[in-house]
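Working notes, structure below.
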Amino acid sequence: MARNVNTSNRPGSKRELPKTPTGIAGFDEITSGGLPKGRPALICGAAGCGKTLFAAEFLVRGARQFNEAGVFMAFEETAEELTRNVASLGFDLNELVRQKKLLVDYVHIERSEIQETGEFDLEGLFIRLNHAIDAIGAKRVVLDTLEALFSALPNELILRAELRRLFRWLKDKGVTAVITAERGQGALTRYGLEEYVADCVVLLDNRVVDQISTRRLRVVKYRGSFHGGNEYPFLIGEDGISVLPVTSLGLTHEVSAQHISSGIARLDTMLGGKGFYRGSSILISGTAGSGKSTLSANFVAAACKRKERCLYLAFEESPSQIIRNMKSVGIELENAVQQGLLKFHASRPTYQGLEMHLVRIHDAVRKFKPQVVVFDPLTNLNEVGSEREVKAMLTRLLDFLKMSQITAMFTSLTSGGANLDQSEVGVSSLMDTWFIVRNLESSGERNRALYILKSRGQPHSNQVREFVLSRKGLDLLDVYVSEGQVKVGSEKIVEQARDREKALLAREQAEVRNLNLARYRKTISAQIEALKAELETREAEARVEFATEKQRANNLGQAQQMMNRHRLADKKDQ
Amino acid sequence: MPKKKSDSTPIAKNRKTRKLHLRLYVAGQTPRSAAALTNLRQVCEERVPGKYEIEVIDLLKKPQLASGDQILAVPTLVRSLPQPIRKIIGDLSNKEKLLIGLDIA
């Protein structure tokens, strides 16, 4: 947990105060390093918001992770009570005490036993503290809750002067101190301790909104240091406090040029050939039953096959139900769970507030360190927060995931009738890649279609694809476009058949036309032959006639001559 | 403590006869601690001469003793006997309060 906090990109980091890391998950990030070293810090908050735990964790982590011994001066609980109370967080105080890394001093004052006569000071407390610090060489001190003194000691004037001296003394002593104080009305603390602790004030809060309580932490003041000024939700989990530092991240994450397959080869092709960018965010939105969860489960299964770690955040179905259902479409998740590659994190959205969900998700991600996170479905969170809150939460979650280079897939349910392009929680602008899966309803059946609405930084197909779930898994089919209409499902088959028939018909018709033409050509050429023959006959006849005529004329001429000779009208040799 | 023979006698009667066990916690030789000791001695001599024991504990020398009697303020006078324990803090300059505190008024 002891993360190296990168402060190099922050202004003035070179001149920043030296810090003492608390080791509390997330807190060191929002304070860019922890509490001010060698100075007292005030942790205030109402009863039951985790002040004592914060303080105890500060010491325990200090001892365990940073090898700094600590003194816990308890004004409210005895050492035994304290030990028992923090044992639930896995902190074994007795063990640390044995190792001389921790010293618990229970300071108890019974008001009824005390009578005041004249002036006094709190040197006794100083001496006790000093003795304790020196006994184990403590670097960290907790005073929980110093305000108990106000009810225990009669003279407030002296007390205030002494407290001022105490804080100065703590500074001189060079220990990093955590002082807890009860929240006052209209003021940070009931007795105005914030006056004395000028360096760092942290406010813890536990608010109930719509019957859902969320713990929040805010750094009210941090002199001389950059700090996130927002309220950060925090969680008291199985191993201590974890604060959510997300809003302090900003848009500085590095991006990857590496790709990660969607699990469907054809879909990868639609996304420019290689699938999604690693560390990008993917939204799948669609109406009920359009296959959103199946798509994401498929993505997970593919990632697990590549030996990547996946975290499946289920907000609707139980893990075993998901595993069973996905098996029915040939997606095997059980093995991945057994191999420890896939982890389910299932919770009802209404079980806790948004912030709490976020913190738990953070926690799960931090612990499991996945490469892929699936969030199924996003929409259910609308039950516990307004659209704006959900969006804010998602922004933070996405920032966090992107920082860690985790590819995140979200599913989102579009209610019937709503505009598909109008994404449910207005989160689409946060997403890098956005698919829409929809049901196309026609001819008495529904069919699934998928298209890519956007995919940042990638060429992507503009085509609507039919998307089928079968026992063998998922696949994308070409949609059939006929007469400008997209046809899917059995209609596609019918349409294809119809089109085939049409084509056949056209072919037959063309053949017939060809046949007719040939026949015609034959007829015509026959006719031509006949006419030619006739012509030849005529010509022959004409030639015969001509010859005959010539003969006749000849014969006639001879006959004339002979007649003339006979008549002796002509000379014999004329 | 050998003087505790007459345990059955009522406390009211006992008050005059039993010894006061007093511990005065101080931190070093400050004017305030000196004043406290002077004031205490004076009152005891006046009221319960010979029937008191004063133990002065300097926390600077024996800091480990501070937690035993839950000492925060200095000077603190602890009346450990007779029971119940009473604590009187301050330089004991208010005589009336001291008497009430020690229950020897």
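Chain labels A, B, ... are given in the sequence in which chains occur in the structure tokens; within each chain residues are numbered consecutively from 1, and ligands are likewise numbered from 1 in the order shown.
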
Per residue of chain A within 8 Å of chain B, note the shortest atom pair and the distance in Å to one decimal, counting only C-alpha atoms, and order the rows by chain and increasing residue number, as a tab-separated table.
residue	atom	partner	partner_atom	distance
A:Asp105	CA	B:Ser67	CA	7.9
A:Val107	CA	B:Gln70	CA	6.2
A:His108	CA	B:Gln70	CA	6.2
A:Ile109	CA	B:Gln70	CA	6.7
A:Glu113	CA	B:Arg86	CA	5.0
A:Ile114	CA	B:Lys87	CA	4.7
A:Gln115	CA	B:Ile88	CA	4.5
A:Glu116	CA	B:Ile89	CA	4.8
A:Thr117	CA	B:Leu92	CA	4.8
A:Gly118	CA	B:Gly90	CA	4.5
A:Glu119	CA	B:Gly90	CA	4.5
A:Phe120	CA	B:Gly90	CA	4.3
A:Asp121	CA	B:Val74	CA	5.3
A:Leu122	CA	B:Ala73	CA	4.2
A:Glu123	CA	B:Val74	CA	5.6
A:Gly124	CA	B:Leu72	CA	4.2
A:Leu125	CA	B:Leu72	CA	4.3
A:Phe126	CA	B:Leu72	CA	7.8
A:Ile127	CA	B:Pro63	CA	6.1
A:Arg128	CA	B:Ala66	CA	6.2
A:His131	CA	B:Pro63	CA	6.2

Go ahead and save the residues from that selection, with C-alpha atoms, as a PDB file, in the first residue's frame.
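Saved the output as part_26.pdb:
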ATOM      1  CA  ASP A 105      -1.170   4.812  27.354  1.00  0.00           C
ATOM      2  CA  VAL A 107      -5.238   8.402  30.396  1.00  0.00           C
ATOM      3  CA  HIS A 108      -8.216   8.396  32.592  1.00  0.00           C
ATOM      4  CA  ILE A 109      -9.454  11.189  34.768  1.00  0.00           C
ATOM      5  CA  GLU A 113     -12.221  12.789  42.155  1.00  0.00           C
ATOM      6  CA  ILE A 114     -10.705  16.092  41.280  1.00  0.00           C
ATOM      7  CA  GLN A 115     -10.708  19.266  43.212  1.00  0.00           C
ATOM      8  CA  GLU A 116      -8.933  22.340  42.005  1.00  0.00           C
ATOM      9  CA  THR A 117      -7.151  24.653  44.337  1.00  0.00           C
ATOM     10  CA  GLY A 118      -5.032  27.255  42.681  1.00  0.00           C
ATOM     11  CA  GLU A 119      -2.813  27.219  39.707  1.00  0.00           C
ATOM     12  CA  PHE A 120      -1.603  24.151  37.921  1.00  0.00           C
ATOM     13  CA  ASP A 121      -0.203  23.082  34.600  1.00  0.00           C
ATOM     14  CA  LEU A 122      -0.275  19.917  32.531  1.00  0.00           C
ATOM     15  CA  GLU A 123       3.327  19.062  33.024  1.00  0.00           C
ATOM     16  CA  GLY A 124       2.219  15.640  34.170  1.00  0.00           C
ATOM     17  CA  LEU A 125       0.779  14.917  30.764  1.00  0.00           C
ATOM     18  CA  PHE A 126       3.888  16.211  29.078  1.00  0.00           C
ATOM     19  CA  ILE A 127       6.064  14.044  31.219  1.00  0.00           C
ATOM     20  CA  ARG A 128       3.958  10.985  30.564  1.00  0.00           C
ATOM     21  CA  HIS A 131       8.373   9.215  28.834  1.00  0.00           C
TER      22      HIS A 131
END

Item checked: Which of chain B fall in strand (DSSP E), as a ChimeraX atom specification -> /B:20-26,52-58,76-81,86-89

Just-selected residues, N, CA and C atoms written as a compact mmCIF listing (two decimals), in the first residue's frame:
# COMPACT_ATOMS: atom_id res chain seq x y z
N LEU B 20 -3.44 10.18 57.32
CA LEU B 20 -3.67 10.55 55.93
C LEU B 20 -2.45 10.14 55.12
N HIS B 21 -2.71 9.42 54.04
CA HIS B 21 -1.60 9.13 53.12
C HIS B 21 -1.68 10.07 51.95
N LEU B 22 -0.71 10.90 51.81
CA LEU B 22 -0.76 11.91 50.76
C LEU B 22 0.45 11.77 49.85
N ARG B 23 0.15 11.89 48.55
CA ARG B 23 1.26 11.92 47.59
C ARG B 23 1.15 13.21 46.81
N LEU B 24 2.23 13.91 46.79
CA LEU B 24 2.23 15.16 46.02
C LEU B 24 3.11 14.97 44.80
N TYR B 25 2.46 15.08 43.66
CA TYR B 25 3.22 14.96 42.41
C TYR B 25 3.65 16.33 41.94
N VAL B 26 4.91 16.48 41.68
CA VAL B 26 5.43 17.75 41.17
C VAL B 26 6.35 17.45 39.98
N TYR B 52 -0.34 12.41 59.46
CA TYR B 52 -0.27 12.44 57.99
C TYR B 52 1.11 12.04 57.54
N GLU B 53 1.11 11.54 56.29
CA GLU B 53 2.38 11.22 55.65
C GLU B 53 2.37 11.88 54.29
N ILE B 54 3.42 12.58 53.98
CA ILE B 54 3.48 13.20 52.65
C ILE B 54 4.64 12.59 51.88
N GLU B 55 4.28 12.09 50.71
CA GLU B 55 5.32 11.58 49.82
C GLU B 55 5.37 12.52 48.62
N VAL B 56 6.52 13.08 48.38
CA VAL B 56 6.64 13.99 47.23
C VAL B 56 7.27 13.21 46.08
N ILE B 57 6.58 13.21 44.95
CA ILE B 57 7.11 12.48 43.79
C ILE B 57 7.45 13.48 42.69
N ASP B 58 8.69 13.50 42.33
CA ASP B 58 9.10 14.39 41.24
C ASP B 58 9.04 13.61 39.94
N THR B 76 -0.27 17.80 41.58
CA THR B 76 -1.47 17.07 41.95
C THR B 76 -1.22 16.41 43.31
N LEU B 77 -2.17 16.62 44.16
CA LEU B 77 -2.10 15.98 45.46
C LEU B 77 -3.08 14.82 45.46
N VAL B 78 -2.56 13.65 45.79
CA VAL B 78 -3.43 12.48 45.81
C VAL B 78 -3.57 12.00 47.25
N ARG B 79 -4.82 11.91 47.67
CA ARG B 79 -5.05 11.34 48.99
C ARG B 79 -5.41 9.88 48.77
N SER B 80 -4.46 9.02 49.00
CA SER B 80 -4.73 7.61 48.71
C SER B 80 -5.43 6.92 49.87
N LEU B 81 -5.25 7.41 51.06
CA LEU B 81 -5.94 6.89 52.23
C LEU B 81 -6.38 8.06 53.09
N ARG B 86 -8.83 10.77 46.44
CA ARG B 86 -9.19 12.13 46.03
C ARG B 86 -7.97 12.78 45.39
N LYS B 87 -8.27 13.62 44.42
CA LYS B 87 -7.16 14.33 43.77
C LYS B 87 -7.42 15.81 43.87
N ILE B 88 -6.39 16.51 44.20
CA ILE B 88 -6.52 17.95 44.28
C ILE B 88 -5.42 18.54 43.42
N ILE B 89 -5.82 19.30 42.46
CA ILE B 89 -4.79 19.85 41.58
C ILE B 89 -4.64 21.34 41.85

Next item on the list: Return as a PyMOL selection string the full set of residues in chain B whose backbone-based DSSP assignment is helix (DSSP H, G or I).
Entry: chain B and resi 11-17+31-47+63-65+95-102

Next, write the just-selected residues to a file, as a short mmCIF file (atom, residue, chain, number, x, y, z; two decimals), in the first residue's frame, keeping N, CA and C atoms as the atom set.
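Below is the file that was written, part_35.cif:
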data_model
loop_
_atom_site.label_atom_id
_atom_site.label_comp_id
_atom_site.auth_asym_id
_atom_site.auth_seq_id
_atom_site.Cartn_x
_atom_site.Cartn_y
_atom_site.Cartn_z
N ILE B 11 -16.27 5.19 59.78
CA ILE B 11 -15.31 6.09 59.17
C ILE B 11 -15.29 7.44 59.88
N ALA B 12 -16.44 7.91 60.27
CA ALA B 12 -16.54 9.24 60.88
C ALA B 12 -15.68 9.33 62.14
N LYS B 13 -15.69 8.24 62.86
CA LYS B 13 -14.90 8.20 64.08
C LYS B 13 -13.42 8.04 63.73
N ASN B 14 -13.25 7.25 62.69
CA ASN B 14 -11.92 6.89 62.25
C ASN B 14 -11.13 8.08 61.73
N ARG B 15 -11.88 9.02 61.20
CA ARG B 15 -11.25 10.14 60.51
C ARG B 15 -10.19 10.82 61.37
N LYS B 16 -10.51 10.95 62.59
CA LYS B 16 -9.59 11.67 63.47
C LYS B 16 -8.37 10.84 63.82
N THR B 17 -8.57 9.51 63.83
CA THR B 17 -7.51 8.67 64.33
C THR B 17 -6.58 8.17 63.24
N PRO B 31 8.50 27.12 41.50
CA PRO B 31 7.89 27.90 42.59
C PRO B 31 6.52 27.34 42.94
N ARG B 32 5.81 26.86 41.91
CA ARG B 32 4.46 26.37 42.15
C ARG B 32 4.48 25.10 43.00
N SER B 33 5.40 24.23 42.71
CA SER B 33 5.44 22.99 43.49
C SER B 33 5.92 23.26 44.92
N ALA B 34 6.84 24.19 45.02
CA ALA B 34 7.31 24.57 46.36
C ALA B 34 6.16 25.16 47.16
N ALA B 35 5.37 26.02 46.49
CA ALA B 35 4.22 26.64 47.16
C ALA B 35 3.23 25.58 47.58
N ALA B 36 3.01 24.62 46.71
CA ALA B 36 2.04 23.57 47.01
C ALA B 36 2.46 22.78 48.25
N LEU B 37 3.74 22.45 48.30
CA LEU B 37 4.23 21.67 49.43
C LEU B 37 4.12 22.47 50.73
N THR B 38 4.49 23.73 50.65
CA THR B 38 4.40 24.60 51.82
C THR B 38 2.95 24.69 52.32
N ASN B 39 2.05 24.95 51.38
CA ASN B 39 0.63 25.06 51.73
C ASN B 39 0.11 23.78 52.36
N LEU B 40 0.50 22.67 51.78
CA LEU B 40 0.02 21.38 52.26
C LEU B 40 0.51 21.11 53.68
N ARG B 41 1.81 21.33 53.89
CA ARG B 41 2.40 21.09 55.21
C ARG B 41 1.69 21.93 56.27
N GLN B 42 1.47 23.19 55.90
CA GLN B 42 0.87 24.14 56.83
C GLN B 42 -0.52 23.66 57.26
N VAL B 43 -1.33 23.29 56.30
CA VAL B 43 -2.69 22.85 56.60
C VAL B 43 -2.69 21.58 57.44
N CYS B 44 -1.80 20.66 57.06
CA CYS B 44 -1.76 19.40 57.78
C CYS B 44 -1.32 19.59 59.23
N GLU B 45 -0.31 20.45 59.40
CA GLU B 45 0.16 20.72 60.75
C GLU B 45 -0.95 21.33 61.59
N GLU B 46 -1.72 22.18 60.96
CA GLU B 46 -2.82 22.85 61.66
C GLU B 46 -3.91 21.86 62.04
N ARG B 47 -4.29 21.02 61.07
CA ARG B 47 -5.49 20.21 61.25
C ARG B 47 -5.22 18.80 61.77
N PRO B 63 9.32 9.54 35.85
CA PRO B 63 8.17 9.76 34.96
C PRO B 63 7.24 8.56 34.87
N GLN B 64 7.80 7.38 35.13
CA GLN B 64 6.97 6.18 35.00
C GLN B 64 5.87 6.12 36.05
N LEU B 65 5.98 6.94 37.08
CA LEU B 65 4.96 6.91 38.14
C LEU B 65 3.71 7.73 37.78
N LYS B 95 -7.14 27.49 50.68
CA LYS B 95 -7.12 26.64 51.86
C LYS B 95 -8.45 25.93 52.08
N GLU B 96 -9.53 26.67 51.88
CA GLU B 96 -10.86 26.11 52.07
C GLU B 96 -11.06 24.88 51.19
N LYS B 97 -10.71 25.06 49.94
CA LYS B 97 -10.89 23.97 48.99
C LYS B 97 -10.00 22.79 49.32
N LEU B 98 -8.84 23.10 49.80
CA LEU B 98 -7.92 22.03 50.17
C LEU B 98 -8.50 21.20 51.32
N LEU B 99 -9.07 21.92 52.28
CA LEU B 99 -9.67 21.23 53.43
C LEU B 99 -10.83 20.35 52.98
N ILE B 100 -11.64 20.89 52.12
CA ILE B 100 -12.77 20.11 51.61
C ILE B 100 -12.27 18.92 50.81
N GLY B 101 -11.25 19.22 50.02
CA GLY B 101 -10.69 18.16 49.18
C GLY B 101 -10.13 17.02 50.01
N LEU B 102 -9.46 17.35 51.05
CA LEU B 102 -8.87 16.32 51.90
C LEU B 102 -9.89 15.76 52.90
#

Notebook entry, point to check: Counting only C-alpha atoms, what is within 12 Å of range 477-486 of chain A, bar same-chain residues fewer than 5 positions away, as a ChimeraX atom specification?
Noted result: /A:264-267,270,440-442,447-451,463-469,491-500

Check: Using only C-alpha atoms, which residues sit within 10 Å of Ser428 in chain A once same-chain residues fewer than 6 positions away are excluded, as a list of chain:residue names?
Finding: A:Ser281, A:Ile282, A:Leu283, A:Ile284, A:Ser285, A:Lys391, A:Asp421, A:Gln422, A:Trp434, A:Lys454

Checklist line | Contacts of Ala63 in chain A at 10 Å (only C-alpha atoms; same-chain gap of 2+ positions) as a list of chain:residue names | finding: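 Close residues of Ala63 in chain A: A:Glu57, A:Phe58, A:Leu59, A:Val60, A:Arg61, A:Gln65, A:Phe66, A:Asn67, A:Glu68, A:Ala69, A:Gly70, A:Leu96, A:Gln99, A:Lys100, A:Lys101, A:Leu102, A:Ala138, A:Lys139, A:Arg140.
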
Note to self: One number please: CA of Asp134 in chain A to CA of Asn94 in chain A, in Å, one decimal.
What the structure shows: 19.2 Å

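The two atoms in question, CA of Ser455 in chain A and CA of Leu397 in chain A, are spaced 19.7 Å apart.
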
Margin query: As an exercise, work out the distance from CA of Tyr351 in chain A to CA of Ser318 in chain A in Å and give it to one decimal place.
Written below: 14.1 Å

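Residues surrounding Pro377 in chain A within 8 Å are Ser293, Ala314, Phe315, Glu316, Phe410, Thr411, Ser412 and Leu413 of chain A [only C-alpha atoms; sequence separation below 4 positions excluded].
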
Quick one: write out the picked residues with N, CA and C atoms as a PDB file, in the first residue's frame?
ATOM      1  N   SER A 293     -24.572  -8.275 -22.036  1.00  0.00           N
ATOM      2  CA  SER A 293     -23.787  -9.030 -21.059  1.00  0.00           C
ATOM      3  C   SER A 293     -22.981 -10.120 -21.745  1.00  0.00           C
ATOM      4  N   ALA A 314     -20.607  -7.250 -11.187  1.00  0.00           N
ATOM      5  CA  ALA A 314     -21.965  -7.617 -11.557  1.00  0.00           C
ATOM      6  C   ALA A 314     -22.958  -6.899 -10.656  1.00  0.00           C
ATOM      7  N   PHE A 315     -23.854  -6.169 -11.272  1.00  0.00           N
ATOM      8  CA  PHE A 315     -24.831  -5.425 -10.493  1.00  0.00           C
ATOM      9  C   PHE A 315     -26.245  -5.940 -10.707  1.00  0.00           C
ATOM     10  N   GLU A 316     -26.355  -7.039 -11.416  1.00  0.00           N
ATOM     11  CA  GLU A 316     -27.692  -7.498 -11.736  1.00  0.00           C
ATOM     12  C   GLU A 316     -27.850  -8.984 -11.458  1.00  0.00           C
ATOM     13  N   PHE A 410     -18.270  -1.315 -20.194  1.00  0.00           N
ATOM     14  CA  PHE A 410     -19.487  -1.021 -19.464  1.00  0.00           C
ATOM     15  C   PHE A 410     -20.683  -1.417 -20.309  1.00  0.00           C
ATOM     16  N   THR A 411     -21.682  -1.969 -19.683  1.00  0.00           N
ATOM     17  CA  THR A 411     -22.907  -2.187 -20.431  1.00  0.00           C
ATOM     18  C   THR A 411     -23.963  -1.248 -19.884  1.00  0.00           C
ATOM     19  N   SER A 412     -24.861  -0.892 -20.761  1.00  0.00           N
ATOM     20  CA  SER A 412     -25.860   0.070 -20.349  1.00  0.00           C
ATOM     21  C   SER A 412     -27.171  -0.267 -21.037  1.00  0.00           C
ATOM     22  N   LEU A 413     -28.205  -0.272 -20.257  1.00  0.00           N
ATOM     23  CA  LEU A 413     -29.504  -0.669 -20.781  1.00  0.00           C
ATOM     24  C   LEU A 413     -30.275   0.556 -21.255  1.00  0.00           C
TER      25      LEU A 413
END
